[in-house]
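> Just query_18.txt, nothing more (compact mmCIF, C-alpha atoms):
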# COMPACT_ATOMS: atom_id res chain seq x y z
CA MET A 1 -0.93 6.49 -10.40
CA THR A 2 -2.72 3.46 -11.79
CA ARG A 3 0.53 1.76 -12.81
CA ASN A 4 2.00 2.43 -9.36
CA ALA A 5 -1.16 1.09 -7.72
CA GLU A 6 -0.89 -2.13 -9.71
CA ARG A 7 2.74 -2.53 -8.69
CA ILE A 8 1.77 -2.11 -5.04
CA MET A 9 -1.00 -4.71 -5.41
CA THR A 10 1.51 -7.19 -6.82
CA VAL A 11 3.75 -6.64 -3.80
CA MET A 12 0.90 -6.78 -1.27
CA LYS A 13 -0.47 -10.08 -2.59
CA THR A 14 2.70 -11.81 -1.35
CA GLY A 15 2.15 -10.91 2.31
CA TYR A 16 -0.44 -10.17 4.95
CA ARG A 17 -0.03 -6.53 5.97
CA TYR A 18 2.36 -3.69 5.34
CA THR A 19 3.23 -0.28 6.72
CA LEU A 20 3.85 2.64 4.37
CA ALA A 21 7.52 2.54 5.32
CA LYS A 22 7.79 -1.12 4.31
CA LEU A 23 5.95 -0.53 1.03
CA GLN A 24 8.22 2.43 0.30
CA GLU A 25 11.27 0.27 1.00
CA ILE A 26 10.04 -2.51 -1.30
CA THR A 27 8.83 -0.34 -4.19
CA SER A 28 11.37 2.53 -3.95
CA PHE A 29 8.51 4.98 -4.57
CA GLY A 30 8.75 8.50 -3.26
CA THR A 31 6.36 9.51 -0.49
CA THR A 32 3.97 11.33 -2.83
CA GLU A 33 3.93 8.51 -5.41
CA LEU A 34 3.23 5.92 -2.74
CA CYS A 35 0.51 7.91 -1.00
CA MET A 36 -1.29 8.72 -4.26
CA ALA A 37 -1.21 5.06 -5.34
CA MET A 38 -2.47 3.96 -1.91
CA LEU A 39 -5.33 6.47 -2.12
CA VAL A 40 -6.38 4.93 -5.44
CA LEU A 41 -6.34 1.44 -3.91
CA ILE A 42 -8.25 2.52 -0.79
CA ARG A 43 -10.80 4.43 -2.87
CA ASP A 44 -11.34 1.38 -5.08
CA LYS A 45 -11.74 -0.78 -1.93
CA ARG A 46 -8.84 -3.02 -2.97
CA VAL A 47 -6.80 -2.21 0.15
CA LYS A 48 -7.96 -1.60 3.71
CA GLN A 49 -6.25 0.63 6.25
CA PHE A 50 -6.28 -0.26 9.96
CA GLN A 51 -4.48 0.28 13.26
CA CYS A 52 -1.95 -2.41 14.25
CA GLU A 53 0.71 -2.71 16.94
CA THR A 54 3.31 -0.96 14.74
CA GLY A 55 1.01 1.91 13.71
CA ILE A 56 -1.12 2.12 10.59
CA CYS A 57 -1.09 -0.97 8.39
CA TYR A 58 -2.52 -1.86 5.00
CA ALA A 59 -3.80 -5.18 3.70
CA VAL A 60 -5.50 -6.47 0.57
CA CYS A 61 -9.29 -6.62 0.99
Have the structure of the file written as structure tokens, please.

Amino acid sequence: MTRNAERIMTVMKTGYRYTLAKLQEITSFGTTELCMAMLVLIRDKRVKQFQCETGICYAVC
């Protein structure tokens, strides 16, 4: 999970905000892998989750 979380952070630092679908497309992670890595990042307060016009989005804190 930690390695996947670090990969996601590398991707997210290049943009502003992402949906889970976009992150899944970029990383090619399965749904479970992606969600578990995102939970680690949210728990560690490295990523914030918020409502945007396309649904739920994620951004680096």
> If we count all atoms listed in the file, what is near range 44-49 of chain A at a cut-off of 12 Å, once residues fewer than 5 positions away on the same chain are taken out, given as a list in words?
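Result of the neighbour search: Thr2, Ala5, Glu6, Ile8, Met9, Thr10, Met12, Lys13, Tyr16, Arg17, Tyr18, Thr19, Leu20, Ala37, Met38, Leu39, Gly55, Ile56, Cys57, Tyr58, Ala59, Val60 and Cys61 of chain A.
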> Please produce a file of those selected residues containing C-alpha atoms, as a tab-separated table (two decimals), keeping the file's coordinate frame.

chain	number	residue	atom	x	y	z
A	2	THR	CA	-2.72	3.46	-11.79
A	5	ALA	CA	-1.16	1.09	-7.72
A	6	GLU	CA	-0.89	-2.13	-9.71
A	8	ILE	CA	1.77	-2.11	-5.04
A	9	MET	CA	-1.00	-4.71	-5.41
A	10	THR	CA	1.51	-7.19	-6.82
A	12	MET	CA	0.90	-6.78	-1.27
A	13	LYS	CA	-0.47	-10.08	-2.59
A	16	TYR	CA	-0.44	-10.17	4.95
A	17	ARG	CA	-0.03	-6.53	5.97
A	18	TYR	CA	2.36	-3.69	5.34
A	19	THR	CA	3.23	-0.28	6.72
A	20	LEU	CA	3.85	2.64	4.37
A	37	ALA	CA	-1.21	5.06	-5.34
A	38	MET	CA	-2.47	3.96	-1.91
A	39	LEU	CA	-5.33	6.47	-2.12
A	55	GLY	CA	1.01	1.91	13.71
A	56	ILE	CA	-1.12	2.12	10.59
A	57	CYS	CA	-1.09	-0.97	8.39
A	58	TYR	CA	-2.52	-1.86	5.00
A	59	ALA	CA	-3.80	-5.18	3.70
A	60	VAL	CA	-5.50	-6.47	0.57
A	61	CYS	CA	-9.29	-6.62	0.99
> What does the distance between CA of Gly15 in chain A and CA of Phe29 in chain A come to in Å, to one decimal place?
18.4 Å
> Quick one: distance from CA of Arg3 in chain A to CA of Leu34 in chain A in Å, one decimal?
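Atom-to-atom, CA of Arg3 in chain A to CA of Leu34 in chain A, that is 11.2 Å.
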> Between CA of Asn4 in chain A and CA of Ala21 in chain A, measure the distance and give it in Å to one decimal.
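Spanning CA of Asn4 in chain A to CA of Ala21 in chain A is a straight-line distance of 15.7 Å.
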